[in-house]
There are 2 protein chains.
Amino acid sequence: MPQAARVVRAPRTQEQRREGTRRTILDAAVESLIASGVAGTTTLEVQKRAKVSRGALLHHFPSKAELMAATIVHLAEMRGRELKASSPHLPARGRARISAVFDLAWQSFTGPLFYVAMDLRAAARTDHELRRALGETERVVHERLIAQYKELLGPEIADHPRFATAFEMTLQFMIGAAMTALLHGKAAKVEPLINLWKSAFPVLLSAGDP
Amino acid sequence: MPQAARVVRAPRTQEQRREGTRRTILDAAVESLIASGVAGTTTLEVQKRAKVSRGALLHHFPSKAELMAATIVHLAEMRGRELKASSPHLPARGRARISAVFDLAWQSFTGPLFYVAMDLRAAARTDHELRRALGETERVVHERLIAQYKELLGPEIADHPRFATAFEMTLQFMIGAAMTALLHGKAAKVEPLINLWKSAFPVLLSAGDP
DNA sequence: GTTTACAGACAGTCTTGACTGTTTGTTTTA
DNA sequence: TAAAACAAACAGTCAAGACTGTCTGTAAAC
């Protein structure tokens, strides 16, 4: 005799239920942002992706703005985890290490998460609520990111008096390169420039030194 | 006795009428893109700004995609003129000239036109029609832009074997810096980095030279 | 008189969030 | 510990509004 259509599920606490659906929804929202961008992401789209009822969605995120804000945080956490995950076995020290760390950094600028971040930035220019939600989290992410890279590079480099500036420039360069790559695709040929930058970085650090 | 409500206007050729309204509409579209971004720009909004009837708008631009494509071209022409206009009295040569040209370049990355371009880029990632419309024009604009800067910098610098690469890096750096400034506003403090870059540029050109 | 430019009403679709009702988990009380 | 009372999570319909593009009709140029 077939099972009843009714799905029997293990009982969960409210907390578990809550976190479960919230997570499902936020994951779906990120997916949608990746696939359809900020413009193409509607609450209905998220709802469908998450396979969640309208009631559920609106219960957890009463407005689209709140959903987006929460999604940004979720996204930031994903970026953080991604970073942490991609810092495994690096060469011990010296230029090889710098090179490896820069490769890691560049990697994170070529993934979909970066594109979504750019998309959000652009959208935030004219969307006030989005701007507010993004501003704070992005600052936190940025700081966390720098701290993480400092750790990866080791004190020898990270404590250099010109490190902060040089690294900031590096990030901006990579952002620009990634934007170019985004628009022009492979034809942009930005990889060689990244490599060039890697070799220029030590020079940047010591520039002006006697 | 008051004038009739009817507006009497000088006769115009069809060509003049056509170009006139097209221009009005495109200017309005650019305004709207600057003010409200891609997301907030609707055909209705453009129509209102241009003070044009729906019929007129749809007559010249049968679909939103076509309007956007035409707007991009219009925008590109504006960028070109902006550049040409801002290249008047530059120091004759040497570092002072490089510095002045870089200031010009940086200027164009801090204006609204750049932000709109970024906005369009981001939107084009997921909007197929927009992507197609943008792809070609943007490449042309990019090349024209580089040619223009080459001319500004003069053959002494522009013909340097490493110029192309170094300048490409410069642009990417500026794009990244501009994106950062866009999100974090004045707090980003990117200007010092730009200045640093200016002084680093000659080094970049001659790097590796004996 | 024919073609092109423009005017404005309107239908159809999409999106958001409100609203009502049901189920599941938690706490209180006997 | 079992039942009752309550609270939170979830389901699904619906109305209001926004946008796009169609369509019919009028004025201006050729």
# chains A, B, ... in the order shown; residues from 1 in each chain; ligands from 1
call {"tool": "residues_around", "arguments": {"residues": "region 52-64 of chain A", "least_positions_apart": "4", "cutoff": "8 Å", "atoms": "only C-alpha atoms (C1' of nucleotides)", "output": "VMD selection string"}}
result
(chain A and resid 22 25 43 to 44 47 to 48 68) or (chain C and resid 17) or (chain D and resid 9 to 12)
call {"tool": "interface_residues", "arguments": {"of": "chain A", "to": "chain B", "cutoff": "6 Å", "atoms": "only C-alpha atoms", "output": "PDB file with N, CA and C atoms, in the first residue's frame"}}
result
ATOM      1  N   SER A  36      19.939  36.614 -12.596  1.00  0.00           N
ATOM      2  CA  SER A  36      19.117  37.640 -13.238  1.00  0.00           C
ATOM      3  C   SER A  36      19.500  39.064 -12.875  1.00  0.00           C
ATOM      4  N   GLY A  37      20.488  39.208 -12.008  1.00  0.00           N
ATOM      5  CA  GLY A  37      20.882  40.553 -11.626  1.00  0.00           C
ATOM      6  C   GLY A  37      19.882  41.204 -10.695  1.00  0.00           C
ATOM      7  N   ASP A 119      26.987  44.741  -9.283  1.00  0.00           N
ATOM      8  CA  ASP A 119      25.611  45.007  -9.665  1.00  0.00           C
ATOM      9  C   ASP A 119      24.914  45.783  -8.544  1.00  0.00           C
ATOM     10  N   ALA A 122      26.190  49.385  -8.294  1.00  0.00           N
ATOM     11  CA  ALA A 122      25.627  50.248  -9.329  1.00  0.00           C
ATOM     12  C   ALA A 122      24.180  50.597  -8.993  1.00  0.00           C
ATOM     13  N   THR A 126      21.342  54.755  -6.999  1.00  0.00           N
ATOM     14  CA  THR A 126      20.066  55.457  -7.064  1.00  0.00           C
ATOM     15  C   THR A 126      19.008  54.880  -6.127  1.00  0.00           C
ATOM     16  N   GLN A 172      41.971  47.985  -5.873  1.00  0.00           N
ATOM     17  CA  GLN A 172      41.283  48.825  -6.848  1.00  0.00           C
ATOM     18  C   GLN A 172      41.663  48.460  -8.268  1.00  0.00           C
ATOM     19  N   PHE A 173      42.906  48.148  -8.433  1.00  0.00           N
ATOM     20  CA  PHE A 173      43.330  47.705  -9.756  1.00  0.00           C
ATOM     21  C   PHE A 173      42.580  46.445 -10.179  1.00  0.00           C
ATOM     22  N   ILE A 175      39.703  45.418  -9.094  1.00  0.00           N
ATOM     23  CA  ILE A 175      38.299  45.731  -9.347  1.00  0.00           C
ATOM     24  C   ILE A 175      38.126  46.251 -10.772  1.00  0.00           C
ATOM     25  N   GLY A 176      38.992  47.177 -11.128  1.00  0.00           N
ATOM     26  CA  GLY A 176      38.921  47.732 -12.477  1.00  0.00           C
ATOM     27  C   GLY A 176      39.134  46.675 -13.540  1.00  0.00           C
ATOM     28  N   ALA A 177      40.129  45.845 -13.326  1.00  0.00           N
ATOM     29  CA  ALA A 177      40.422  44.775 -14.284  1.00  0.00           C
ATOM     30  C   ALA A 177      39.241  43.824 -14.396  1.00  0.00           C
TER      31      ALA A 177
END
call {"tool": "interface_residues", "arguments": {"of": "chain C", "to": "chain A", "cutoff": "12 Å", "atoms": "only C-alpha atoms (C1' of nucleotides)", "output": "JSON, numbers by chain"}}
result
{"C": [14, 15, 16, 17, 18, 19, 20, 21, 22, 24, 25, 26]}
call {"tool": "select_by_dssp", "arguments": {"residues": "region 28-189 of chain A", "states": "helix (DSSP H, G or I)", "output": "VMD selection string"}}
result
chain A and resid 28 to 40 43 to 50 54 to 60 64 to 85 94 to 108 112 to 124 128 to 153 155 to 158 163 to 188
call {"tool": "closest_residue", "arguments": {"among": "B:Thr21, B:Ser108, B:Ser87, B:Ser32", "to": "Glu151 (chain B)", "atoms": "only C-alpha atoms"}}
result
B:Ser87
call {"tool": "atom_distance", "arguments": {"atom1": "CA of Glu143 (chain A)", "atom2": "CA of Ala105 (chain A)"}}
result
14.2 Å
call {"tool": "residues_around", "arguments": {"residues": "DT3 (chain C)", "least_positions_apart": "3", "cutoff": "12 Å", "atoms": "only C-alpha atoms (C1' of nucleotides)", "output": "VMD selection string"}}
result
(chain B and resid 14) or (chain D and resid 28 to 30)
call {"tool": "closest_atom_pairs", "arguments": {"of": "chain D", "to": "chain B", "cutoff": "12 Å", "atoms": "only C-alpha atoms (C1' of nucleotides)", "output": "CSV"}}
result
residue,atom,partner,partner_atom,distance
D:DA18,C1',B:Thr42,CA,9.8
D:DC19,C1',B:Thr42,CA,7.3
D:DT20,C1',B:Thr43,CA,8.0
D:DG21,C1',B:Ser63,CA,7.4
D:DT22,C1',B:Leu58,CA,10.2
D:DC23,C1',B:Gly55,CA,10.3
D:DT24,C1',B:Gly55,CA,11.3
D:DG25,C1',B:Gly55,CA,11.4
D:DT26,C1',B:Gly55,CA,11.9
D:DA28,C1',B:Gln14,CA,8.8
D:DA29,C1',B:Gln14,CA,6.2
D:DC30,C1',B:Gln14,CA,8.8
call {"tool": "atom_distance", "arguments": {"atom1": "CA of Asp27 (chain A)", "atom2": "CA of Ala50 (chain A)"}}
result
7.8 Å
call {"tool": "atom_distance", "arguments": {"atom1": "CA of Ile98 (chain A)", "atom2": "CA of Lys198 (chain A)"}}
result
7.7 Å
call {"tool": "closest_residue", "arguments": {"among": "B:Ala69, B:Val46, B:Leu26, B:Ala147", "to": "Lys84 (chain B)", "atoms": "only C-alpha atoms"}}
result
B:Ala147
call {"tool": "decode", "arguments": {"residues": "chain C", "atoms": "N, CA and C atoms (P, O5', C5', C4', C3', O3' and C1' of nucleotides)", "output": "PDB file, in the first residue's frame"}}
result
ATOM      1  P    DG C   1      -6.607  65.017 -53.377  1.00  0.00           P
ATOM      2  O5'  DG C   1      -5.159  64.354 -53.441  1.00  0.00           O
ATOM      3  C5'  DG C   1      -4.765  63.425 -54.453  1.00  0.00           C
ATOM      4  C4'  DG C   1      -3.562  62.699 -53.900  1.00  0.00           C
ATOM      5  C3'  DG C   1      -3.872  61.728 -52.778  1.00  0.00           C
ATOM      6  O3'  DG C   1      -2.776  60.829 -52.713  1.00  0.00           O
ATOM      7  C1'  DG C   1      -2.580  63.433 -51.916  1.00  0.00           C
ATOM      8  P    DT C   2      -3.106  59.352 -52.649  1.00  0.00           P
ATOM      9  O5'  DT C   2      -1.653  58.851 -52.201  1.00  0.00           O
ATOM     10  C5'  DT C   2      -0.515  59.475 -52.815  1.00  0.00           C
ATOM     11  C4'  DT C   2       0.602  59.666 -51.793  1.00  0.00           C
ATOM     12  C3'  DT C   2       0.623  58.632 -50.651  1.00  0.00           C
ATOM     13  O3'  DT C   2       1.950  58.197 -50.508  1.00  0.00           O
ATOM     14  C1'  DT C   2       0.753  60.804 -49.763  1.00  0.00           C
ATOM     15  P    DT C   3       2.280  56.791 -49.781  1.00  0.00           P
ATOM     16  O5'  DT C   3       3.485  57.196 -48.814  1.00  0.00           O
ATOM     17  C5'  DT C   3       4.472  58.116 -49.293  1.00  0.00           C
ATOM     18  C4'  DT C   3       4.952  58.978 -48.146  1.00  0.00           C
ATOM     19  C3'  DT C   3       5.294  58.195 -46.864  1.00  0.00           C
ATOM     20  O3'  DT C   3       6.621  58.518 -46.510  1.00  0.00           O
ATOM     21  C1'  DT C   3       4.007  60.107 -46.362  1.00  0.00           C
ATOM     22  P    DT C   4       7.457  57.583 -45.509  1.00  0.00           P
ATOM     23  O5'  DT C   4       7.704  58.556 -44.274  1.00  0.00           O
ATOM     24  C5'  DT C   4       8.240  59.858 -44.509  1.00  0.00           C
ATOM     25  C4'  DT C   4       7.878  60.761 -43.361  1.00  0.00           C
ATOM     26  C3'  DT C   4       8.184  60.181 -41.975  1.00  0.00           C
ATOM     27  O3'  DT C   4       9.077  61.071 -41.326  1.00  0.00           O
ATOM     28  C1'  DT C   4       6.031  61.162 -42.021  1.00  0.00           C
ATOM     29  P    DA C   5       9.570  60.838 -39.847  1.00  0.00           P
ATOM     30  O5'  DA C   5       8.574  61.755 -39.029  1.00  0.00           O
ATOM     31  C5'  DA C   5       8.711  63.169 -39.115  1.00  0.00           C
ATOM     32  C4'  DA C   5       7.715  63.827 -38.181  1.00  0.00           C
ATOM     33  C3'  DA C   5       7.885  63.449 -36.705  1.00  0.00           C
ATOM     34  O3'  DA C   5       7.823  64.641 -35.951  1.00  0.00           O
ATOM     35  C1'  DA C   5       5.667  63.050 -37.373  1.00  0.00           C
ATOM     36  P    DC C   6       8.191  64.559 -34.401  1.00  0.00           P
ATOM     37  O5'  DC C   6       6.760  64.369 -33.740  1.00  0.00           O
ATOM     38  C5'  DC C   6       5.865  65.485 -33.759  1.00  0.00           C
ATOM     39  C4'  DC C   6       4.480  65.023 -33.425  1.00  0.00           C
ATOM     40  C3'  DC C   6       4.232  64.656 -31.954  1.00  0.00           C
ATOM     41  O3'  DC C   6       3.453  65.688 -31.395  1.00  0.00           O
ATOM     42  C1'  DC C   6       3.018  63.302 -33.467  1.00  0.00           C
ATOM     43  P    DA C   7       3.238  65.759 -29.836  1.00  0.00           P
ATOM     44  O5'  DA C   7       1.793  65.122 -29.669  1.00  0.00           O
ATOM     45  C5'  DA C   7       0.694  65.721 -30.339  1.00  0.00           C
ATOM     46  C4'  DA C   7      -0.585  65.003 -29.933  1.00  0.00           C
ATOM     47  C3'  DA C   7      -0.628  64.563 -28.468  1.00  0.00           C
ATOM     48  O3'  DA C   7      -1.813  65.088 -27.886  1.00  0.00           O
ATOM     49  C1'  DA C   7      -1.177  62.747 -29.915  1.00  0.00           C
ATOM     50  P    DG C   8      -1.991  65.128 -26.318  1.00  0.00           P
ATOM     51  O5'  DG C   8      -2.820  63.792 -26.042  1.00  0.00           O
ATOM     52  C5'  DG C   8      -3.964  63.527 -26.828  1.00  0.00           C
ATOM     53  C4'  DG C   8      -4.464  62.114 -26.582  1.00  0.00           C
ATOM     54  C3'  DG C   8      -4.377  61.649 -25.121  1.00  0.00           C
ATOM     55  O3'  DG C   8      -5.539  60.915 -24.835  1.00  0.00           O
ATOM     56  C1'  DG C   8      -3.348  60.095 -26.493  1.00  0.00           C
ATOM     57  P    DA C   9      -6.006  60.803 -23.308  1.00  0.00           P
ATOM     58  O5'  DA C   9      -7.022  59.591 -23.436  1.00  0.00           O
ATOM     59  C5'  DA C   9      -7.840  59.493 -24.596  1.00  0.00           C
ATOM     60  C4'  DA C   9      -7.979  58.031 -25.029  1.00  0.00           C
ATOM     61  C3'  DA C   9      -8.291  57.069 -23.875  1.00  0.00           C
ATOM     62  O3'  DA C   9      -9.316  56.173 -24.310  1.00  0.00           O
ATOM     63  C1'  DA C   9      -6.384  56.336 -25.040  1.00  0.00           C
ATOM     64  P    DC C  10      -9.986  55.143 -23.305  1.00  0.00           P
ATOM     65  O5'  DC C  10      -9.101  53.824 -23.486  1.00  0.00           O
ATOM     66  C5'  DC C  10      -8.819  53.362 -24.795  1.00  0.00           C
ATOM     67  C4'  DC C  10      -8.061  52.040 -24.723  1.00  0.00           C
ATOM     68  C3'  DC C  10      -8.320  51.241 -23.428  1.00  0.00           C
ATOM     69  O3'  DC C  10      -8.399  49.873 -23.772  1.00  0.00           O
ATOM     70  C1'  DC C  10      -6.028  51.576 -23.715  1.00  0.00           C
ATOM     71  P    DA C  11      -9.314  48.916 -22.930  1.00  0.00           P
ATOM     72  O5'  DA C  11      -8.721  47.503 -23.343  1.00  0.00           O
ATOM     73  C5'  DA C  11      -8.191  47.325 -24.665  1.00  0.00           C
ATOM     74  C4'  DA C  11      -6.994  46.385 -24.609  1.00  0.00           C
ATOM     75  C3'  DA C  11      -7.143  45.261 -23.583  1.00  0.00           C
ATOM     76  O3'  DA C  11      -6.666  44.068 -24.168  1.00  0.00           O
ATOM     77  C1'  DA C  11      -5.177  46.509 -23.137  1.00  0.00           C
ATOM     78  P    DG C  12      -6.880  42.713 -23.447  1.00  0.00           P
ATOM     79  O5'  DG C  12      -5.410  42.358 -22.944  1.00  0.00           O
ATOM     80  C5'  DG C  12      -4.327  42.510 -23.866  1.00  0.00           C
ATOM     81  C4'  DG C  12      -3.034  42.231 -23.142  1.00  0.00           C
ATOM     82  C3'  DG C  12      -3.157  41.166 -22.053  1.00  0.00           C
ATOM     83  O3'  DG C  12      -2.053  40.288 -22.174  1.00  0.00           O
ATOM     84  C1'  DG C  12      -2.296  43.171 -21.137  1.00  0.00           C
ATOM     85  P    DT C  13      -1.898  39.043 -21.227  1.00  0.00           P
ATOM     86  O5'  DT C  13      -0.584  39.398 -20.396  1.00  0.00           O
ATOM     87  C5'  DT C  13       0.535  39.978 -21.060  1.00  0.00           C
ATOM     88  C4'  DT C  13       1.495  40.532 -20.032  1.00  0.00           C
ATOM     89  C3'  DT C  13       1.729  39.591 -18.842  1.00  0.00           C
ATOM     90  O3'  DT C  13       3.122  39.354 -18.735  1.00  0.00           O
ATOM     91  C1'  DT C  13       1.263  41.804 -18.108  1.00  0.00           C
ATOM     92  P    DC C  14       3.655  38.267 -17.722  1.00  0.00           P
ATOM     93  O5'  DC C  14       4.342  39.183 -16.625  1.00  0.00           O
ATOM     94  C5'  DC C  14       4.987  40.366 -17.045  1.00  0.00           C
ATOM     95  C4'  DC C  14       5.356  41.203 -15.833  1.00  0.00           C
ATOM     96  C3'  DC C  14       5.738  40.382 -14.593  1.00  0.00           C
ATOM     97  O3'  DC C  14       6.910  40.952 -14.062  1.00  0.00           O
ATOM     98  C1'  DC C  14       4.013  41.932 -14.070  1.00  0.00           C
ATOM     99  P    DT C  15       7.725  40.196 -12.912  1.00  0.00           P
ATOM    100  O5'  DT C  15       7.371  41.069 -11.636  1.00  0.00           O
ATOM    101  C5'  DT C  15       7.596  42.463 -11.685  1.00  0.00           C
ATOM    102  C4'  DT C  15       7.061  43.101 -10.431  1.00  0.00           C
ATOM    103  C3'  DT C  15       7.305  42.279  -9.163  1.00  0.00           C
ATOM    104  O3'  DT C  15       8.083  43.045  -8.264  1.00  0.00           O
ATOM    105  C1'  DT C  15       5.057  43.036  -9.288  1.00  0.00           C
ATOM    106  P    DT C  16       8.660  42.430  -6.929  1.00  0.00           P
ATOM    107  O5'  DT C  16       7.904  43.254  -5.800  1.00  0.00           O
ATOM    108  C5'  DT C  16       7.585  44.615  -6.012  1.00  0.00           C
ATOM    109  C4'  DT C  16       6.422  45.022  -5.137  1.00  0.00           C
ATOM    110  C3'  DT C  16       6.487  44.507  -3.695  1.00  0.00           C
ATOM    111  O3'  DT C  16       6.447  45.623  -2.820  1.00  0.00           O
ATOM    112  C1'  DT C  16       4.345  44.104  -4.657  1.00  0.00           C
ATOM    113  P    DG C  17       7.062  45.471  -1.343  1.00  0.00           P
ATOM    114  O5'  DG C  17       5.735  45.247  -0.494  1.00  0.00           O
ATOM    115  C5'  DG C  17       4.775  46.281  -0.497  1.00  0.00           C
ATOM    116  C4'  DG C  17       3.418  45.728  -0.126  1.00  0.00           C
ATOM    117  C3'  DG C  17       3.340  45.037   1.250  1.00  0.00           C
ATOM    118  O3'  DG C  17       2.109  45.397   1.820  1.00  0.00           O
ATOM    119  C1'  DG C  17       2.456  43.652  -0.349  1.00  0.00           C
ATOM    120  P    DA C  18       1.985  45.539   3.413  1.00  0.00           P
ATOM    121  O5'  DA C  18       0.400  45.574   3.614  1.00  0.00           O
ATOM    122  C5'  DA C  18      -0.407  46.121   2.564  1.00  0.00           C
ATOM    123  C4'  DA C  18      -1.732  45.367   2.468  1.00  0.00           C
ATOM    124  C3'  DA C  18      -2.215  44.805   3.803  1.00  0.00           C
ATOM    125  O3'  DA C  18      -3.617  45.045   3.902  1.00  0.00           O
ATOM    126  C1'  DA C  18      -2.071  43.063   2.223  1.00  0.00           C
ATOM    127  P    DC C  19      -4.320  44.911   5.346  1.00  0.00           P
ATOM    128  O5'  DC C  19      -5.369  43.736   5.118  1.00  0.00           O
ATOM    129  C5'  DC C  19      -5.718  43.343   3.798  1.00  0.00           C
ATOM    130  C4'  DC C  19      -6.215  41.899   3.805  1.00  0.00           C
ATOM    131  C3'  DC C  19      -6.510  41.341   5.211  1.00  0.00           C
ATOM    132  O3'  DC C  19      -7.840  40.878   5.253  1.00  0.00           O
ATOM    133  C1'  DC C  19      -5.142  39.848   3.965  1.00  0.00           C
ATOM    134  P    DT C  20      -8.433  40.359   6.679  1.00  0.00           P
ATOM    135  O5'  DT C  20      -8.673  38.822   6.363  1.00  0.00           O
ATOM    136  C5'  DT C  20      -9.325  38.438   5.144  1.00  0.00           C
ATOM    137  C4'  DT C  20      -9.299  36.922   5.035  1.00  0.00           C
ATOM    138  C3'  DT C  20      -9.661  36.207   6.334  1.00  0.00           C
ATOM    139  O3'  DT C  20     -10.504  35.096   6.033  1.00  0.00           O
ATOM    140  C1'  DT C  20      -7.505  35.542   5.635  1.00  0.00           C
ATOM    141  P    DG C  21     -11.105  34.203   7.233  1.00  0.00           P
ATOM    142  O5'  DG C  21     -10.291  32.841   7.073  1.00  0.00           O
ATOM    143  C5'  DG C  21     -10.155  32.251   5.781  1.00  0.00           C
ATOM    144  C4'  DG C  21      -9.104  31.149   5.820  1.00  0.00           C
ATOM    145  C3'  DG C  21      -9.252  30.176   6.998  1.00  0.00           C
ATOM    146  O3'  DG C  21      -9.073  28.850   6.525  1.00  0.00           O
ATOM    147  C1'  DG C  21      -7.076  31.018   6.925  1.00  0.00           C
ATOM    148  P    DT C  22      -9.409  27.630   7.467  1.00  0.00           P
ATOM    149  O5'  DT C  22      -8.022  26.855   7.564  1.00  0.00           O
ATOM    150  C5'  DT C  22      -7.354  26.463   6.367  1.00  0.00           C
ATOM    151  C4'  DT C  22      -5.957  25.986   6.714  1.00  0.00           C
ATOM    152  C3'  DT C  22      -5.890  24.903   7.787  1.00  0.00           C
ATOM    153  O3'  DT C  22      -5.121  23.822   7.270  1.00  0.00           O
ATOM    154  C1'  DT C  22      -4.361  26.639   8.268  1.00  0.00           C
ATOM    155  P    DT C  23      -5.103  22.436   8.082  1.00  0.00           P
ATOM    156  O5'  DT C  23      -3.602  22.372   8.628  1.00  0.00           O
ATOM    157  C5'  DT C  23      -2.539  22.501   7.702  1.00  0.00           C
ATOM    158  C4'  DT C  23      -1.273  22.831   8.461  1.00  0.00           C
ATOM    159  C3'  DT C  23      -0.859  21.798   9.523  1.00  0.00           C
ATOM    160  O3'  DT C  23       0.450  21.387   9.207  1.00  0.00           O
ATOM    161  C1'  DT C  23      -0.705  23.999  10.374  1.00  0.00           C
ATOM    162  P    DT C  24       1.035  20.053   9.894  1.00  0.00           P
ATOM    163  O5'  DT C  24       2.100  20.667  10.914  1.00  0.00           O
ATOM    164  C5'  DT C  24       3.085  21.573  10.420  1.00  0.00           C
ATOM    165  C4'  DT C  24       3.729  22.283  11.590  1.00  0.00           C
ATOM    166  C3'  DT C  24       4.166  21.362  12.737  1.00  0.00           C
ATOM    167  O3'  DT C  24       5.538  21.566  12.941  1.00  0.00           O
ATOM    168  C1'  DT C  24       3.012  23.243  13.568  1.00  0.00           C
ATOM    169  P    DG C  25       6.356  20.632  13.943  1.00  0.00           P
ATOM    170  O5'  DG C  25       6.538  21.598  15.186  1.00  0.00           O
ATOM    171  C5'  DG C  25       7.391  22.719  15.050  1.00  0.00           C
ATOM    172  C4'  DG C  25       7.159  23.687  16.188  1.00  0.00           C
ATOM    173  C3'  DG C  25       7.639  23.186  17.566  1.00  0.00           C
ATOM    174  O3'  DG C  25       8.478  24.195  18.098  1.00  0.00           O
ATOM    175  C1'  DG C  25       5.447  24.045  17.708  1.00  0.00           C
ATOM    176  P    DT C  26       9.276  23.908  19.465  1.00  0.00           P
ATOM    177  O5'  DT C  26       8.370  24.697  20.511  1.00  0.00           O
ATOM    178  C5'  DT C  26       8.169  26.088  20.341  1.00  0.00           C
ATOM    179  C4'  DT C  26       7.381  26.650  21.510  1.00  0.00           C
ATOM    180  C3'  DT C  26       7.847  26.186  22.898  1.00  0.00           C
ATOM    181  O3'  DT C  26       7.893  27.331  23.721  1.00  0.00           O
ATOM    182  C1'  DT C  26       5.525  25.829  22.671  1.00  0.00           C
ATOM    183  P    DT C  27       8.596  27.282  25.164  1.00  0.00           P
ATOM    184  O5'  DT C  27       7.362  27.619  26.114  1.00  0.00           O
ATOM    185  C5'  DT C  27       6.545  28.751  25.808  1.00  0.00           C
ATOM    186  C4'  DT C  27       5.225  28.622  26.555  1.00  0.00           C
ATOM    187  C3'  DT C  27       5.356  28.328  28.056  1.00  0.00           C
ATOM    188  O3'  DT C  27       4.623  29.303  28.764  1.00  0.00           O
ATOM    189  C1'  DT C  27       3.769  26.885  27.072  1.00  0.00           C
ATOM    190  P    DT C  28       4.776  29.497  30.317  1.00  0.00           P
ATOM    191  O5'  DT C  28       3.282  29.180  30.775  1.00  0.00           O
ATOM    192  C5'  DT C  28       2.205  29.690  30.000  1.00  0.00           C
ATOM    193  C4'  DT C  28       0.911  28.961  30.354  1.00  0.00           C
ATOM    194  C3'  DT C  28       0.700  28.718  31.852  1.00  0.00           C
ATOM    195  O3'  DT C  28      -0.617  29.125  32.169  1.00  0.00           O
ATOM    196  C1'  DT C  28       0.415  26.702  30.666  1.00  0.00           C
ATOM    197  P    DT C  29      -1.012  29.356  33.709  1.00  0.00           P
ATOM    198  O5'  DT C  29      -2.012  28.147  33.912  1.00  0.00           O
ATOM    199  C5'  DT C  29      -2.996  27.881  32.908  1.00  0.00           C
ATOM    200  C4'  DT C  29      -3.627  26.517  33.127  1.00  0.00           C
ATOM    201  C3'  DT C  29      -3.853  26.139  34.598  1.00  0.00           C
ATOM    202  O3'  DT C  29      -5.138  25.584  34.733  1.00  0.00           O
ATOM    203  C1'  DT C  29      -2.725  24.414  33.510  1.00  0.00           C
ATOM    204  P    DA C  30      -5.879  25.657  36.108  1.00  0.00           P
ATOM    205  O5'  DA C  30      -6.476  24.195  36.205  1.00  0.00           O
ATOM    206  C5'  DA C  30      -7.166  23.647  35.088  1.00  0.00           C
ATOM    207  C4'  DA C  30      -6.993  22.140  35.077  1.00  0.00           C
ATOM    208  C3'  DA C  30      -7.271  21.466  36.423  1.00  0.00           C
ATOM    209  O3'  DA C  30      -8.150  20.377  36.230  1.00  0.00           O
ATOM    210  C1'  DA C  30      -5.173  20.788  35.601  1.00  0.00           C
TER     211       DA C  30
END
